[in-house]
Amino acid sequence: MDLSDACQVWSRRNPDCFDRIAAVYEQMDAAYAATAVQYGFVCNGCEDNCCLTRFRHHTLAEYAYLQKGFEGLETALRNRTVVRAHAYREALREAESTGASFRHWCPLNQAGRCILYAFRPMICRLHGLPHILRHPVRGLIQGPGCHIFEAQCSSSASRPLDRSGIYKSLAGLERTARQASGFRLPVNMTIADMILDFGGESEIDRRADNYR
Ligand code: SF4
């Protein structure tokens with residue numbers, strides 16, 4: 001069973017799964033907004049955009065929701081995104097083989113905007129603010145804000161974003177997804193990997209045929 005098949009099984013067995021992912025994302029967005037307001041931080045984008053950062057994503061739940069968004073795009077846009085995903089993966093391979101630093105626009109970023117903003121995964125929603133995580137094994141983990149945040153707000157005495165409850169909610173959802181689908185393998189993918197897994201028009205039609 002591949003990831004797309006696992007998502008299909010999960011959504012058949014738990015028809016409310018996308019509502020549940022959306023609810024967890026709303027919790028993230030609300031926590032981010034509340035912390036940003038405390039600091040007076042507003043993200044207006046920057047030349048060192050987080051969409052140039054090489055993020056990896058680790059849950060079936062995030063994959064499923066991004067796939068839902070991707071399949072709602074019009075065909076030409078989907079196919080252009082697949083082309084950008086190939087270029088991204090090629091550039092990443094090159095950087096990893098030469099040890100060069102890697103800065104490349106996420107294939108979902110078009111003209112500076114995320115074309116699947118409502119479906120973007122967790123780290124895209126949380127990046128930028130200083131944060132803490134109360135890890136059950138590693139204890140208290142702290143992380144800084146992005147460089148724009150640090151330039152604007154580092155002297156403020158507000159509280160960092162506590163990611164503990166957010167991670168717990170996503171982990172709970174992921175447990176449900178894996179139990180329902182029977183999918184056991186680890187997930188460790190860039191957005192480009194996911195897009196190429198979703199495929200273009202023919203792959204999406206094939207999947208739809210399989211599950212009619
Ligand atoms: S998914 Fe969207 S928000 Fe996240 S890195 Fe890609 S373009 Fe940026």
# chains A, B, ... in the order shown; residues from 1 in each chain; ligands from 1
call {"tool": "residues_around", "arguments": {"residues": "segment 158-166 of chain A", "least_positions_apart": "3", "cutoff": "12 Å", "atoms": "only C-alpha atoms", "output": "PyMOL selection string"}}
result
chain A and resi 21+23-41+122-123+125-136+139-145+149+153-155+169-173
call {"tool": "residues_near_ligand", "arguments": {"ligand": "ligand 1", "cutoff": "9 Å", "atoms": "only C-alpha atoms and all ligand atoms", "output": "PyMOL selection string"}}
result
chain A and resi 49-55+66+105-110+112-125+191-192
call {"tool": "write_last_selection", "arguments": {"atoms": "N, CA and C atoms", "output": "PDB file, in the first residue's frame"}}
result
ATOM      1  N   ASN A  49      12.669  34.004   2.235  1.00  0.00           N
ATOM      2  CA  ASN A  49      11.341  33.449   2.497  1.00  0.00           C
ATOM      3  C   ASN A  49      11.410  32.015   3.036  1.00  0.00           C
ATOM      4  N   CYS A  50      10.482  31.694   3.961  1.00  0.00           N
ATOM      5  CA  CYS A  50      10.481  30.317   4.492  1.00  0.00           C
ATOM      6  C   CYS A  50      10.116  29.306   3.410  1.00  0.00           C
ATOM      7  N   CYS A  51       9.505  29.758   2.319  1.00  0.00           N
ATOM      8  CA  CYS A  51       9.192  28.837   1.214  1.00  0.00           C
ATOM      9  C   CYS A  51      10.450  28.456   0.429  1.00  0.00           C
ATOM     10  N   LEU A  52      11.599  29.078   0.797  1.00  0.00           N
ATOM     11  CA  LEU A  52      12.888  28.677   0.219  1.00  0.00           C
ATOM     12  C   LEU A  52      13.617  27.692   1.134  1.00  0.00           C
ATOM     13  N   THR A  53      13.024  27.433   2.280  1.00  0.00           N
ATOM     14  CA  THR A  53      13.675  26.566   3.265  1.00  0.00           C
ATOM     15  C   THR A  53      13.336  25.111   2.969  1.00  0.00           C
ATOM     16  N   ARG A  54      14.314  24.237   3.134  1.00  0.00           N
ATOM     17  CA  ARG A  54      14.062  22.820   2.866  1.00  0.00           C
ATOM     18  C   ARG A  54      13.393  22.179   4.082  1.00  0.00           C
ATOM     19  N   PHE A  55      12.084  22.123   4.038  1.00  0.00           N
ATOM     20  CA  PHE A  55      11.342  21.468   5.110  1.00  0.00           C
ATOM     21  C   PHE A  55      11.069  20.024   4.708  1.00  0.00           C
ATOM     22  N   LEU A  66      -2.813  17.839   2.017  1.00  0.00           N
ATOM     23  CA  LEU A  66      -2.179  18.515   0.881  1.00  0.00           C
ATOM     24  C   LEU A  66      -2.650  17.882  -0.437  1.00  0.00           C
ATOM     25  N   TRP A 105      12.814  27.614  -4.391  1.00  0.00           N
ATOM     26  CA  TRP A 105      11.408  27.849  -4.088  1.00  0.00           C
ATOM     27  C   TRP A 105      10.645  26.535  -4.027  1.00  0.00           C
ATOM     28  N   CYS A 106       9.832  26.407  -3.001  1.00  0.00           N
ATOM     29  CA  CYS A 106       8.904  25.275  -2.905  1.00  0.00           C
ATOM     30  C   CYS A 106       8.038  25.257  -4.179  1.00  0.00           C
ATOM     31  N   PRO A 107       7.789  24.080  -4.745  1.00  0.00           N
ATOM     32  CA  PRO A 107       7.009  24.030  -5.991  1.00  0.00           C
ATOM     33  C   PRO A 107       5.584  24.565  -5.857  1.00  0.00           C
ATOM     34  N   LEU A 108       5.106  24.716  -4.627  1.00  0.00           N
ATOM     35  CA  LEU A 108       3.752  25.276  -4.450  1.00  0.00           C
ATOM     36  C   LEU A 108       3.766  26.794  -4.371  1.00  0.00           C
ATOM     37  N   ASN A 109       4.953  27.383  -4.361  1.00  0.00           N
ATOM     38  CA  ASN A 109       5.028  28.840  -4.318  1.00  0.00           C
ATOM     39  C   ASN A 109       5.053  29.367  -5.748  1.00  0.00           C
ATOM     40  N   GLN A 110       4.074  30.184  -6.062  1.00  0.00           N
ATOM     41  CA  GLN A 110       3.993  30.761  -7.404  1.00  0.00           C
ATOM     42  C   GLN A 110       3.919  32.270  -7.256  1.00  0.00           C
ATOM     43  N   GLY A 112       5.551  34.185  -5.392  1.00  0.00           N
ATOM     44  CA  GLY A 112       5.635  34.639  -4.002  1.00  0.00           C
ATOM     45  C   GLY A 112       4.462  34.213  -3.129  1.00  0.00           C
ATOM     46  N   ARG A 113       3.516  33.492  -3.690  1.00  0.00           N
ATOM     47  CA  ARG A 113       2.347  33.078  -2.888  1.00  0.00           C
ATOM     48  C   ARG A 113       2.185  31.561  -2.924  1.00  0.00           C
ATOM     49  N   CYS A 114       1.732  31.010  -1.794  1.00  0.00           N
ATOM     50  CA  CYS A 114       1.466  29.573  -1.734  1.00  0.00           C
ATOM     51  C   CYS A 114       0.124  29.287  -2.405  1.00  0.00           C
ATOM     52  N   ILE A 115       0.130  28.429  -3.415  1.00  0.00           N
ATOM     53  CA  ILE A 115      -1.121  28.160  -4.131  1.00  0.00           C
ATOM     54  C   ILE A 115      -2.011  27.170  -3.374  1.00  0.00           C
ATOM     55  N   LEU A 116      -1.468  26.568  -2.315  1.00  0.00           N
ATOM     56  CA  LEU A 116      -2.311  25.695  -1.474  1.00  0.00           C
ATOM     57  C   LEU A 116      -2.231  26.140  -0.018  1.00  0.00           C
ATOM     58  N   TYR A 117      -2.361  27.450   0.175  1.00  0.00           N
ATOM     59  CA  TYR A 117      -2.153  28.032   1.506  1.00  0.00           C
ATOM     60  C   TYR A 117      -3.047  27.368   2.562  1.00  0.00           C
ATOM     61  N   ALA A 118      -4.314  27.140   2.235  1.00  0.00           N
ATOM     62  CA  ALA A 118      -5.244  26.565   3.217  1.00  0.00           C
ATOM     63  C   ALA A 118      -4.897  25.111   3.546  1.00  0.00           C
ATOM     64  N   PHE A 119      -4.096  24.472   2.693  1.00  0.00           N
ATOM     65  CA  PHE A 119      -3.789  23.047   2.859  1.00  0.00           C
ATOM     66  C   PHE A 119      -2.340  22.829   3.297  1.00  0.00           C
ATOM     67  N   ARG A 120      -1.591  23.912   3.529  1.00  0.00           N
ATOM     68  CA  ARG A 120      -0.153  23.776   3.800  1.00  0.00           C
ATOM     69  C   ARG A 120       0.070  23.007   5.103  1.00  0.00           C
ATOM     70  N   PRO A 121       1.200  22.296   5.195  1.00  0.00           N
ATOM     71  CA  PRO A 121       1.456  21.474   6.382  1.00  0.00           C
ATOM     72  C   PRO A 121       1.879  22.282   7.613  1.00  0.00           C
ATOM     73  N   MET A 122       2.095  21.551   8.700  1.00  0.00           N
ATOM     74  CA  MET A 122       2.284  22.192  10.000  1.00  0.00           C
ATOM     75  C   MET A 122       3.438  23.188  10.053  1.00  0.00           C
ATOM     76  N   ILE A 123       4.615  22.793   9.577  1.00  0.00           N
ATOM     77  CA  ILE A 123       5.768  23.668   9.800  1.00  0.00           C
ATOM     78  C   ILE A 123       5.602  24.991   9.061  1.00  0.00           C
ATOM     79  N   CYS A 124       4.887  24.966   7.928  1.00  0.00           N
ATOM     80  CA  CYS A 124       4.628  26.214   7.191  1.00  0.00           C
ATOM     81  C   CYS A 124       3.745  27.146   8.021  1.00  0.00           C
ATOM     82  N   ARG A 125       2.957  26.589   8.921  1.00  0.00           N
ATOM     83  CA  ARG A 125       2.051  27.386   9.747  1.00  0.00           C
ATOM     84  C   ARG A 125       2.734  27.930  10.993  1.00  0.00           C
ATOM     85  N   ILE A 191       7.888  18.848   0.089  1.00  0.00           N
ATOM     86  CA  ILE A 191       6.655  19.115  -0.666  1.00  0.00           C
ATOM     87  C   ILE A 191       6.812  18.574  -2.100  1.00  0.00           C
ATOM     88  N   ALA A 192       8.001  18.720  -2.671  1.00  0.00           N
ATOM     89  CA  ALA A 192       8.223  18.218  -4.042  1.00  0.00           C
ATOM     90  C   ALA A 192       8.001  16.711  -4.095  1.00  0.00           C
TER      91      ALA A 192
END
call {"tool": "select_by_dssp", "arguments": {"residues": "segment 110-143 of chain A", "states": "helix (DSSP H, G or I)", "output": "count of residues only"}}
result
8
call {"tool": "residues_around", "arguments": {"residues": "Gly182 of chain A", "least_positions_apart": "2", "cutoff": "10 Å", "atoms": "only C-alpha atoms", "output": "JSON list (two decimals) with all heavy atoms, in the first residue's frame"}}
result
[["chain", "number", "residue", "atom", "x", "y", "z"],
["A", 1, "MET", "N", 0.85, -1.21, 0.00],
["A", 1, "MET", "CA", 0.00, 0.00, 0.00],
["A", 1, "MET", "C", 0.89, 1.26, 0.00],
["A", 1, "MET", "O", 1.80, 1.36, 0.80],
["A", 1, "MET", "CB", -0.85, -0.01, 1.28],
["A", 1, "MET", "CG", -1.77, 1.20, 1.41],
["A", 1, "MET", "SD", -2.58, 1.31, 3.02],
["A", 1, "MET", "CE", -3.73, -0.03, 2.93],
["A", 6, "ALA", "N", -3.23, 4.67, 1.21],
["A", 6, "ALA", "CA", -3.51, 4.74, 2.66],
["A", 6, "ALA", "C", -4.48, 5.90, 2.95],
["A", 6, "ALA", "O", -5.39, 5.77, 3.77],
["A", 6, "ALA", "CB", -2.21, 4.92, 3.44],
["A", 9, "VAL", "N", -7.97, 4.84, 2.00],
["A", 9, "VAL", "CA", -8.55, 3.92, 2.98],
["A", 9, "VAL", "C", -8.98, 4.70, 4.23],
["A", 9, "VAL", "O", -10.08, 4.51, 4.76],
["A", 9, "VAL", "CB", -7.52, 2.82, 3.36],
["A", 9, "VAL", "CG1", -8.06, 1.94, 4.48],
["A", 9, "VAL", "CG2", -7.19, 1.97, 2.14],
["A", 10, "TRP", "N", -8.12, 5.60, 4.68],
["A", 10, "TRP", "CA", -8.44, 6.40, 5.87],
["A", 10, "TRP", "C", -9.72, 7.21, 5.65],
["A", 10, "TRP", "O", -10.62, 7.22, 6.50],
["A", 10, "TRP", "CB", -7.26, 7.32, 6.21],
["A", 10, "TRP", "CG", -7.47, 8.18, 7.43],
["A", 10, "TRP", "CD1", -8.21, 7.86, 8.54],
["A", 10, "TRP", "CD2", -6.92, 9.48, 7.66],
["A", 10, "TRP", "NE1", -8.16, 8.89, 9.45],
["A", 10, "TRP", "CE2", -7.38, 9.89, 8.94],
["A", 10, "TRP", "CE3", -6.10, 10.32, 6.93],
["A", 10, "TRP", "CZ2", -7.03, 11.13, 9.48],
["A", 10, "TRP", "CZ3", -5.73, 11.55, 7.47],
["A", 10, "TRP", "CH2", -6.20, 11.95, 8.74],
["A", 176, "THR", "N", -4.69, 7.96, 14.63],
["A", 176, "THR", "CA", -5.99, 7.54, 14.08],
["A", 176, "THR", "C", -5.84, 7.17, 12.61],
["A", 176, "THR", "O", -6.38, 6.16, 12.15],
["A", 176, "THR", "CB", -7.00, 8.72, 14.18],
["A", 176, "THR", "OG1", -6.96, 9.22, 15.49],
["A", 176, "THR", "CG2", -8.39, 8.29, 13.82],
["A", 177, "ALA", "N", -5.11, 8.01, 11.86],
["A", 177, "ALA", "CA", -4.93, 7.77, 10.42],
["A", 177, "ALA", "C", -4.23, 6.43, 10.18],
["A", 177, "ALA", "O", -4.61, 5.66, 9.29],
["A", 177, "ALA", "CB", -4.12, 8.90, 9.80],
["A", 178, "ARG", "N", -3.23, 6.15, 10.98],
["A", 178, "ARG", "CA", -2.46, 4.93, 10.77],
["A", 178, "ARG", "C", -3.24, 3.69, 11.21],
["A", 178, "ARG", "O", -3.16, 2.65, 10.56],
["A", 178, "ARG", "CB", -1.11, 5.05, 11.45],
["A", 178, "ARG", "CG", -0.19, 5.94, 10.60],
["A", 178, "ARG", "CD", 1.08, 6.32, 11.28],
["A", 178, "ARG", "NE", 1.89, 7.14, 10.39],
["A", 178, "ARG", "CZ", 2.89, 6.67, 9.63],
["A", 178, "ARG", "NH1", 3.18, 5.41, 9.64],
["A", 178, "ARG", "NH2", 3.58, 7.50, 8.87],
["A", 179, "GLN", "N", -4.01, 3.84, 12.29],
["A", 179, "GLN", "CA", -4.83, 2.70, 12.71],
["A", 179, "GLN", "C", -5.88, 2.40, 11.65],
["A", 179, "GLN", "O", -6.11, 1.25, 11.28],
["A", 179, "GLN", "CB", -5.51, 3.00, 14.04],
["A", 179, "GLN", "CG", -4.60, 2.74, 15.24],
["A", 179, "GLN", "CD", -5.07, 3.43, 16.50],
["A", 179, "GLN", "OE1", -6.15, 4.02, 16.54],
["A", 179, "GLN", "NE2", -4.26, 3.36, 17.55],
["A", 180, "ALA", "N", -6.52, 3.44, 11.14],
["A", 180, "ALA", "CA", -7.60, 3.24, 10.16],
["A", 180, "ALA", "C", -7.07, 2.70, 8.84],
["A", 180, "ALA", "O", -7.72, 1.87, 8.19],
["A", 180, "ALA", "CB", -8.34, 4.56, 9.92],
["A", 184, "ARG", "N", 2.13, 1.74, 7.97],
["A", 184, "ARG", "CA", 3.10, 1.68, 9.08],
["A", 184, "ARG", "C", 4.42, 2.40, 8.78],
["A", 184, "ARG", "O", 5.20, 2.63, 9.69],
["A", 184, "ARG", "CB", 3.44, 0.21, 9.39],
["A", 184, "ARG", "CG", 2.27, -0.64, 9.82],
["A", 184, "ARG", "CD", 2.02, -0.56, 11.33],
["A", 184, "ARG", "NE", 0.84, -1.31, 11.70],
["A", 184, "ARG", "CZ", -0.39, -0.78, 11.75],
["A", 184, "ARG", "NH1", -0.59, 0.49, 11.47],
["A", 184, "ARG", "NH2", -1.43, -1.52, 12.09],
["A", 185, "LEU", "N", 4.70, 2.67, 7.53],
["A", 185, "LEU", "CA", 6.03, 3.16, 7.18],
["A", 185, "LEU", "C", 6.24, 4.61, 7.62],
["A", 185, "LEU", "O", 5.28, 5.38, 7.71],
["A", 185, "LEU", "CB", 6.23, 3.07, 5.66],
["A", 185, "LEU", "CG", 6.18, 1.66, 5.08],
["A", 185, "LEU", "CD1", 6.23, 1.71, 3.56],
["A", 185, "LEU", "CD2", 7.34, 0.83, 5.63]]
call {"tool": "atom_distance", "arguments": {"atom1": "atom CA of Asp2 of chain A", "atom2": "atom CA of Ala76 of chain A"}}
result
25.1 Å
call {"tool": "closest_residue", "arguments": {"among": "A:Asn188, A:His57, A:Ala22, A:Glu150", "to": "Gly69 of chain A", "atoms": "only C-alpha atoms"}}
result
A:Ala22
call {"tool": "closest_residue", "arguments": {"among": "A:Asp19, A:Glu47, A:Asn14, A:Leu60", "to": "Phe183 of chain A", "atoms": "only C-alpha atoms"}}
result
A:Leu60
call {"tool": "select_by_dssp", "arguments": {"residues": "segment 91-181 of chain A", "states": "strand (DSSP E or B)", "output": "list in words"}}
result
Asn109, Gln110, Arg113, Cys114, His131, Ile132, Leu133, Arg134, His135, Gly139, Leu140, Ile141, Gln142, Gly143, Leu161 and Asp162 of chain A
call {"tool": "write_last_selection", "arguments": {"atoms": "N, CA and C atoms", "output": "compact mmCIF listing (two decimals), in the first residue's frame"}}
result
# COMPACT_ATOMS: atom_id res chain seq x y z
N ASN A 109 4.95 27.38 -4.36
CA ASN A 109 5.03 28.84 -4.32
C ASN A 109 5.05 29.37 -5.75
N GLN A 110 4.07 30.18 -6.06
CA GLN A 110 3.99 30.76 -7.40
C GLN A 110 3.92 32.27 -7.26
N ARG A 113 3.52 33.49 -3.69
CA ARG A 113 2.35 33.08 -2.89
C ARG A 113 2.19 31.56 -2.92
N CYS A 114 1.73 31.01 -1.79
CA CYS A 114 1.47 29.57 -1.73
C CYS A 114 0.12 29.29 -2.40
N HIS A 131 9.81 29.51 19.84
CA HIS A 131 8.89 28.49 20.35
C HIS A 131 9.55 27.62 21.40
N ILE A 132 8.69 26.93 22.12
CA ILE A 132 9.18 25.90 23.05
C ILE A 132 8.41 24.62 22.76
N LEU A 133 9.01 23.50 23.18
CA LEU A 133 8.35 22.20 23.07
C LEU A 133 8.70 21.42 24.33
N ARG A 134 7.67 20.96 25.02
CA ARG A 134 7.91 20.12 26.21
C ARG A 134 7.91 18.67 25.74
N HIS A 135 9.12 18.17 25.48
CA HIS A 135 9.27 16.83 24.91
C HIS A 135 9.29 15.79 26.03
N GLY A 139 12.90 16.66 27.26
CA GLY A 139 12.64 17.80 28.15
C GLY A 139 12.27 19.05 27.36
N LEU A 140 12.62 20.21 27.93
CA LEU A 140 12.22 21.48 27.31
C LEU A 140 13.14 21.81 26.13
N ILE A 141 12.56 21.98 24.96
CA ILE A 141 13.33 22.36 23.77
C ILE A 141 12.89 23.76 23.38
N GLN A 142 13.86 24.62 23.10
CA GLN A 142 13.53 26.00 22.72
C GLN A 142 14.09 26.29 21.34
N GLY A 143 13.37 27.11 20.57
CA GLY A 143 13.86 27.49 19.25
C GLY A 143 13.64 28.98 19.03
N LEU A 161 5.83 30.71 21.39
CA LEU A 161 4.76 29.79 21.01
C LEU A 161 5.05 28.41 21.62
N ASP A 162 4.10 27.90 22.39
CA ASP A 162 4.27 26.55 22.97
C ASP A 162 3.69 25.55 21.97
call {"tool": "atom_distance", "arguments": {"atom1": "atom CA of Met189 of chain A", "atom2": "atom CA of Thr59 of chain A"}}
result
9.1 Å
call {"tool": "residues_around", "arguments": {"residues": "Phe102 of chain A", "least_positions_apart": "5", "cutoff": "8 Å", "atoms": "only C-alpha atoms", "output": "ChimeraX atom specification"}}
result
/A:54,91-92,95
call {"tool": "atom_distance", "arguments": {"atom1": "atom CA of Thr75 of chain A", "atom2": "atom CA of Ser11 of chain A"}}
result
22.8 Å
call {"tool": "residues_around", "arguments": {"residues": "Lys68 of chain A", "least_positions_apart": "5", "cutoff": "10 Å", "atoms": "only C-alpha atoms", "output": "list of chain:residue names"}}
result
A:Cys7, A:Phe18, A:Glu62, A:Tyr63, A:Leu73, A:Leu116, A:Phe119, A:Phe198
call {"tool": "write_last_selection", "arguments": {"atoms": "C-alpha atoms", "output": "PDB file, in the first residue's frame"}}
result
ATOM      1  CA  CYS A   7      -5.194   8.164   2.462  1.00  0.00           C
ATOM      2  CA  PHE A  18     -10.504  16.106   6.523  1.00  0.00           C
ATOM      3  CA  GLU A  62      -0.443  16.328   6.358  1.00  0.00           C
ATOM      4  CA  TYR A  63       0.083  14.360   3.151  1.00  0.00           C
ATOM      5  CA  LEU A  73      -6.391  22.561  -8.542  1.00  0.00           C
ATOM      6  CA  LEU A 116      -2.311  25.695  -1.474  1.00  0.00           C
ATOM      7  CA  PHE A 119      -3.789  23.047   2.859  1.00  0.00           C
ATOM      8  CA  PHE A 198       0.360  12.768  -6.153  1.00  0.00           C
TER       9      PHE A 198
END
